[in-house]
There are 2 protein chains.
Amino acid sequence: MSRVETRCPKEFLALAHRLADASGAIVRRYFRAGVEVMHKDDRSPVTIADREAEAAIREILGKRHPDHGVVGEEHADRRPRAEFVWVIDPIDGTKSFITGRPLFGTLIALTRRGVPILGVIDHPALGERWIGAHGWPTLMNGREVRARHCGRLSDAALFASSPHMFKRVAAPAFERVRKRCRQTVYGSDCYAYALVASGFSDLVVEANMDIYDYLAAVPVIEGAGGVMTDWRGRKLTLASGDRVIAAGDAAVHAQALALLNGARPRAKSAKR
Amino acid sequence: MSRVETRCPKEFLALAHRLADASGAIVRRYFRAGVEVMHKDDRSPVTIADREAEAAIREILGKRHPDHGVVGEEHADRRPRAEFVWVIDPIDGTKSFITGRPLFGTLIALTRRGVPILGVIDHPALGERWIGAHGWPTLMNGREVRARHCGRLSDAALFASSPHMFKRVAAPAFERVRKRCRQTVYGSDCYAYALVASGFSDLVVEANMDIYDYLAAVPVIEGAGGVMTDWRGRKLTLASGDRVIAAGDAAVHAQALALLNGARPRAKSAKR
């Protein structure tokens, strides 16, 4: 039996592109077209675009790989304990999508025995797609990208979707990191991970997430030379919790992780 | 003598487009090209792109209208008490610009006797431009746009650049509004105003701003049927302060204004 670290089969990369193409065509059609916004039980918004895009992905997967599992944000799980499980968020950043803001993205991950081996971060309204997979360099629109050297947290540009995603003890933990970083920008949805993979930014710290919000980013970040784990520094899998951290530079990852876990900052912040 | 409410001369609209074209060409060339980031005295970041873009705008204005004033973020004021004064922010959202995030924009306002009569919100990396002027409908890439009806704050989508822009009493004031809105998204820079003008979003509340951060948005919002004032409900001029509010719907503007000025919410928020 092959080990999970082997190179991700090329056919899976081609399939992932096909899924993103199918989903993106639907999402683009509904973007800024005045779609009705409904609210789920957790009060998060959802539209027909989310549901149709995920259904299109599921249909392709069901025909091509009926033995594979699918876990998605908008429909019920199918075979979630299969060797191969696809993890889908058709529109990550629905709040952006429904306000005409093009940073939302489609997230597609493929896990093998729980471990993400392939990930797509696709931005259909921007025409930008990142794909990463075990044994392959991360590509953005076909061109190889690399995370950048940063060296220390005080030089890092930090992203998070919103400060309000940090509840209870997660809030002061995030604040310890934020106050050390050079700058903080909120509201980028999954685009934040793509920017780290491309070496434009340094750090993403998030909480209150579900697996479909982050597993696709793991191979994208790792294939660009970055590091992405939970807040304890553990690898992310199908069984991981709600808190993740991604960094382009391992030193920045380590410094941020120490602060998340309660280390006191050694020096005063350079910036508020 | 003509009144300031007269229709903005068409030649100024053509000139504003030319300024945005010149600026955008420079900004696009530097976007994601690894420009060096410097920090100003207030610790905000700036790049050669900011400075060159503003210089290009100033050069065109200096030749065409040497009698007009120019106030910009990156260079010294010129004739700031002239009848016509251009107010320029070459890159609003430099934090976005330097992290490869395309939401930053170029802001160009023309004021007459202190009142903004023309505004451009240009997003060179997205290829999207909004222009508004007294007596003209607001256009986005040449097509007329209109703000949307919203009716009540609890249905409104709210934007602000960052929760950290609200200092002292402005922080709880913003929180009173935020807790009443349907959703809040941070980190859109001047794009937030454009989205309200286009009827994709409802409300922008910001503080700690300078005139070049917001005057261009006033004619864009007003020409689309929206309302934009300071937190006291006063018209915005060259002499205005740091706090602004823009809404697509006058009822939402009035409700948010009341909360900013200390009214207690009448009902519990539907969403955190």
# chains A, B, ... in the order shown; residues from 1 in each chain; ligands from 1
call {"tool": "closest_atom_pairs", "arguments": {"of": "chain A", "to": "chain B", "cutoff": "7 Å", "atoms": "only C-alpha atoms", "output": "tab-separated table"}}
result
residue	atom	partner	partner_atom	distance
A:Thr99	CA	B:Phe200	CA	4.7
A:Gly100	CA	B:Phe200	CA	5.4
A:Ser162	CA	B:Tyr186	CA	7.0
A:Val185	CA	B:Gly187	CA	6.1
A:Tyr186	CA	B:Gly187	CA	5.1
A:Gly187	CA	B:Gly187	CA	5.0
A:Leu195	CA	B:Gly100	CA	6.6
A:Phe200	CA	B:Thr99	CA	4.7
A:Ser201	CA	B:Thr99	CA	5.2
call {"tool": "residues_around", "arguments": {"residues": "Ala147 in chain A", "least_positions_apart": "4", "cutoff": "12 Å", "atoms": "only C-alpha atoms", "output": "list of chain:residue names"}}
result
A:Pro137, A:Thr138, A:Leu139, A:Tyr193, A:Ala194, A:Leu195, A:Val196, A:Ala197, A:Ser198, A:Gly199, A:Phe200, A:Ser201, A:Asp202, A:Leu203, A:Val220, A:Ile221, A:Glu222, A:Gly223, A:Ala224, A:Gly225, A:Gly226, A:Val227, A:Met228, A:Ala246, A:Ala247, A:Gly248, A:Asp249, A:Ala250
call {"tool": "atom_distance", "arguments": {"atom1": "CA of His68 in chain B", "atom2": "CA of Pro9 in chain B"}}
result
14.7 Å
call {"tool": "atom_distance", "arguments": {"atom1": "CA of Val37 in chain A", "atom2": "CA of Leu153 in chain B"}}
result
16.3 Å
call {"tool": "closest_residue", "arguments": {"among": "A:Ala217, A:Ala53, A:Leu15, A:Val169", "to": "Val244 in chain A", "atoms": "only C-alpha atoms"}}
result
A:Ala217
call {"tool": "select_by_dssp", "arguments": {"residues": "range 40-109 of chain A", "states": "alpha helix (DSSP H)", "output": "list of chain:residue names"}}
result
A:Ile48, A:Ala49, A:Asp50, A:Arg51, A:Glu52, A:Ala53, A:Glu54, A:Ala55, A:Ala56, A:Ile57, A:Arg58, A:Glu59, A:Ile60, A:Leu61, A:Gly62, A:Lys63, A:Arg64, A:Thr94, A:Lys95, A:Ser96, A:Phe97
call {"tool": "write_last_selection", "arguments": {"atoms": "N, CA, C and O atoms", "output": "PDB file, in the first residue's frame"}}
result
ATOM      1  N   ILE A  48     -28.837  30.593  -3.721  1.00  0.00           N
ATOM      2  CA  ILE A  48     -28.972  29.522  -4.694  1.00  0.00           C
ATOM      3  C   ILE A  48     -27.635  29.267  -5.394  1.00  0.00           C
ATOM      4  O   ILE A  48     -27.363  28.140  -5.826  1.00  0.00           O
ATOM      5  N   ALA A  49     -26.793  30.271  -5.465  1.00  0.00           N
ATOM      6  CA  ALA A  49     -25.475  30.085  -6.104  1.00  0.00           C
ATOM      7  C   ALA A  49     -24.637  29.092  -5.316  1.00  0.00           C
ATOM      8  O   ALA A  49     -23.991  28.202  -5.897  1.00  0.00           O
ATOM      9  N   ASP A  50     -24.624  29.214  -3.983  1.00  0.00           N
ATOM     10  CA  ASP A  50     -23.898  28.253  -3.134  1.00  0.00           C
ATOM     11  C   ASP A  50     -24.391  26.843  -3.415  1.00  0.00           C
ATOM     12  O   ASP A  50     -23.606  25.905  -3.609  1.00  0.00           O
ATOM     13  N   ARG A  51     -25.703  26.704  -3.403  1.00  0.00           N
ATOM     14  CA  ARG A  51     -26.283  25.350  -3.492  1.00  0.00           C
ATOM     15  C   ARG A  51     -26.099  24.737  -4.872  1.00  0.00           C
ATOM     16  O   ARG A  51     -25.779  23.553  -4.997  1.00  0.00           O
ATOM     17  N   GLU A  52     -26.300  25.532  -5.920  1.00  0.00           N
ATOM     18  CA  GLU A  52     -26.136  24.993  -7.274  1.00  0.00           C
ATOM     19  C   GLU A  52     -24.675  24.664  -7.574  1.00  0.00           C
ATOM     20  O   GLU A  52     -24.381  23.668  -8.230  1.00  0.00           O
ATOM     21  N   ALA A  53     -23.783  25.519  -7.098  1.00  0.00           N
ATOM     22  CA  ALA A  53     -22.358  25.271  -7.374  1.00  0.00           C
ATOM     23  C   ALA A  53     -21.901  23.981  -6.696  1.00  0.00           C
ATOM     24  O   ALA A  53     -21.208  23.161  -7.295  1.00  0.00           O
ATOM     25  N   GLU A  54     -22.314  23.792  -5.444  1.00  0.00           N
ATOM     26  CA  GLU A  54     -21.915  22.562  -4.757  1.00  0.00           C
ATOM     27  C   GLU A  54     -22.554  21.344  -5.416  1.00  0.00           C
ATOM     28  O   GLU A  54     -21.925  20.290  -5.551  1.00  0.00           O
ATOM     29  N   ALA A  55     -23.805  21.490  -5.841  1.00  0.00           N
ATOM     30  CA  ALA A  55     -24.486  20.369  -6.505  1.00  0.00           C
ATOM     31  C   ALA A  55     -23.773  19.986  -7.798  1.00  0.00           C
ATOM     32  O   ALA A  55     -23.638  18.799  -8.127  1.00  0.00           O
ATOM     33  N   ALA A  56     -23.287  20.991  -8.529  1.00  0.00           N
ATOM     34  CA  ALA A  56     -22.571  20.707  -9.782  1.00  0.00           C
ATOM     35  C   ALA A  56     -21.292  19.928  -9.508  1.00  0.00           C
ATOM     36  O   ALA A  56     -20.950  18.973 -10.218  1.00  0.00           O
ATOM     37  N   ILE A  57     -20.591  20.314  -8.456  1.00  0.00           N
ATOM     38  CA  ILE A  57     -19.361  19.607  -8.081  1.00  0.00           C
ATOM     39  C   ILE A  57     -19.687  18.177  -7.670  1.00  0.00           C
ATOM     40  O   ILE A  57     -19.026  17.218  -8.089  1.00  0.00           O
ATOM     41  N   ARG A  58     -20.734  18.012  -6.870  1.00  0.00           N
ATOM     42  CA  ARG A  58     -21.112  16.672  -6.402  1.00  0.00           C
ATOM     43  C   ARG A  58     -21.526  15.777  -7.563  1.00  0.00           C
ATOM     44  O   ARG A  58     -21.252  14.570  -7.547  1.00  0.00           O
ATOM     45  N   GLU A  59     -22.179  16.350  -8.539  1.00  0.00           N
ATOM     46  CA  GLU A  59     -22.630  15.533  -9.666  1.00  0.00           C
ATOM     47  C   GLU A  59     -21.435  14.981 -10.440  1.00  0.00           C
ATOM     48  O   GLU A  59     -21.403  13.796 -10.784  1.00  0.00           O
ATOM     49  N   ILE A  60     -20.463  15.836 -10.687  1.00  0.00           N
ATOM     50  CA  ILE A  60     -19.255  15.382 -11.409  1.00  0.00           C
ATOM     51  C   ILE A  60     -18.537  14.305 -10.601  1.00  0.00           C
ATOM     52  O   ILE A  60     -18.148  13.268 -11.122  1.00  0.00           O
ATOM     53  N   LEU A  61     -18.375  14.552  -9.301  1.00  0.00           N
ATOM     54  CA  LEU A  61     -17.664  13.577  -8.459  1.00  0.00           C
ATOM     55  C   LEU A  61     -18.425  12.251  -8.378  1.00  0.00           C
ATOM     56  O   LEU A  61     -17.811  11.181  -8.394  1.00  0.00           O
ATOM     57  N   GLY A  62     -19.752  12.347  -8.272  1.00  0.00           N
ATOM     58  CA  GLY A  62     -20.558  11.127  -8.142  1.00  0.00           C
ATOM     59  C   GLY A  62     -20.434  10.226  -9.364  1.00  0.00           C
ATOM     60  O   GLY A  62     -20.459   8.996  -9.253  1.00  0.00           O
ATOM     61  N   LYS A  63     -20.305  10.844 -10.531  1.00  0.00           N
ATOM     62  CA  LYS A  63     -20.156  10.052 -11.762  1.00  0.00           C
ATOM     63  C   LYS A  63     -18.740   9.520 -11.921  1.00  0.00           C
ATOM     64  O   LYS A  63     -18.538   8.375 -12.320  1.00  0.00           O
ATOM     65  N   ARG A  64     -17.782  10.343 -11.612  1.00  0.00           N
ATOM     66  CA  ARG A  64     -16.383   9.985 -11.857  1.00  0.00           C
ATOM     67  C   ARG A  64     -15.833   9.063 -10.779  1.00  0.00           C
ATOM     68  O   ARG A  64     -15.096   8.125 -11.072  1.00  0.00           O
ATOM     69  N   THR A  94     -19.586  34.193   1.739  1.00  0.00           N
ATOM     70  CA  THR A  94     -20.904  34.509   1.183  1.00  0.00           C
ATOM     71  C   THR A  94     -21.291  35.965   1.471  1.00  0.00           C
ATOM     72  O   THR A  94     -21.939  36.616   0.650  1.00  0.00           O
ATOM     73  N   LYS A  95     -20.834  36.490   2.603  1.00  0.00           N
ATOM     74  CA  LYS A  95     -21.117  37.906   2.894  1.00  0.00           C
ATOM     75  C   LYS A  95     -20.505  38.817   1.828  1.00  0.00           C
ATOM     76  O   LYS A  95     -21.083  39.841   1.479  1.00  0.00           O
ATOM     77  N   SER A  96     -19.330  38.459   1.345  1.00  0.00           N
ATOM     78  CA  SER A  96     -18.732  39.224   0.238  1.00  0.00           C
ATOM     79  C   SER A  96     -19.539  39.031  -1.033  1.00  0.00           C
ATOM     80  O   SER A  96     -19.863  39.991  -1.738  1.00  0.00           O
ATOM     81  N   PHE A  97     -19.856  37.774  -1.312  1.00  0.00           N
ATOM     82  CA  PHE A  97     -20.585  37.460  -2.545  1.00  0.00           C
ATOM     83  C   PHE A  97     -21.878  38.260  -2.651  1.00  0.00           C
ATOM     84  O   PHE A  97     -22.181  38.828  -3.704  1.00  0.00           O
TER      85      PHE A  97
END
call {"tool": "atom_distance", "arguments": {"atom1": "CA of Asp189 in chain A", "atom2": "CA of Glu83 in chain A"}}
result
28.8 Å
call {"tool": "residues_around", "arguments": {"residues": "Arg176 in chain A", "least_positions_apart": "2", "cutoff": "10 Å", "atoms": "only C-alpha atoms", "output": "ChimeraX atom specification"}}
result
/A:171-174,178-181,256,258-265,269
call {"tool": "residues_around", "arguments": {"residues": "Phe84 in chain A", "least_positions_apart": "5", "cutoff": "10 Å", "atoms": "only C-alpha atoms", "output": "MDAnalysis selection string"}}
result
chainID A and resid 65 67:70 79 110:117
call {"tool": "write_last_selection", "arguments": {"atoms": "C-alpha atoms", "output": "PDB file, in the first residue's frame"}}
result
ATOM      1  CA  HIS A  65     -15.596   8.572  -8.416  1.00  0.00           C
ATOM      2  CA  ASP A  67     -16.463   5.475  -4.196  1.00  0.00           C
ATOM      3  CA  HIS A  68     -15.128   8.845  -2.995  1.00  0.00           C
ATOM      4  CA  GLY A  69     -16.696  10.692  -0.106  1.00  0.00           C
ATOM      5  CA  VAL A  70     -17.940  14.296  -0.252  1.00  0.00           C
ATOM      6  CA  ARG A  79     -19.272   8.485   2.548  1.00  0.00           C
ATOM      7  CA  LEU A 110      -9.180  16.237  -1.554  1.00  0.00           C
ATOM      8  CA  THR A 111      -8.227  14.276   1.552  1.00  0.00           C
ATOM      9  CA  ARG A 112      -6.726  10.791   1.647  1.00  0.00           C
ATOM     10  CA  ARG A 113      -7.187   8.939   4.933  1.00  0.00           C
ATOM     11  CA  GLY A 114      -8.107  12.292   6.449  1.00  0.00           C
ATOM     12  CA  VAL A 115      -5.048  14.196   5.201  1.00  0.00           C
ATOM     13  CA  PRO A 116      -5.487  16.989   2.615  1.00  0.00           C
ATOM     14  CA  ILE A 117      -3.402  16.026  -0.441  1.00  0.00           C
TER      15      ILE A 117
END
call {"tool": "residues_around", "arguments": {"residues": "Pro90 in chain B", "least_positions_apart": "2", "cutoff": "12 Å", "atoms": "only C-alpha atoms", "output": "VMD selection string"}}
result
chain B and resid 19 to 28 46 to 58 71 to 75 87 to 88 92 to 94 97 104 to 109 120 to 124 190 212 to 213 216
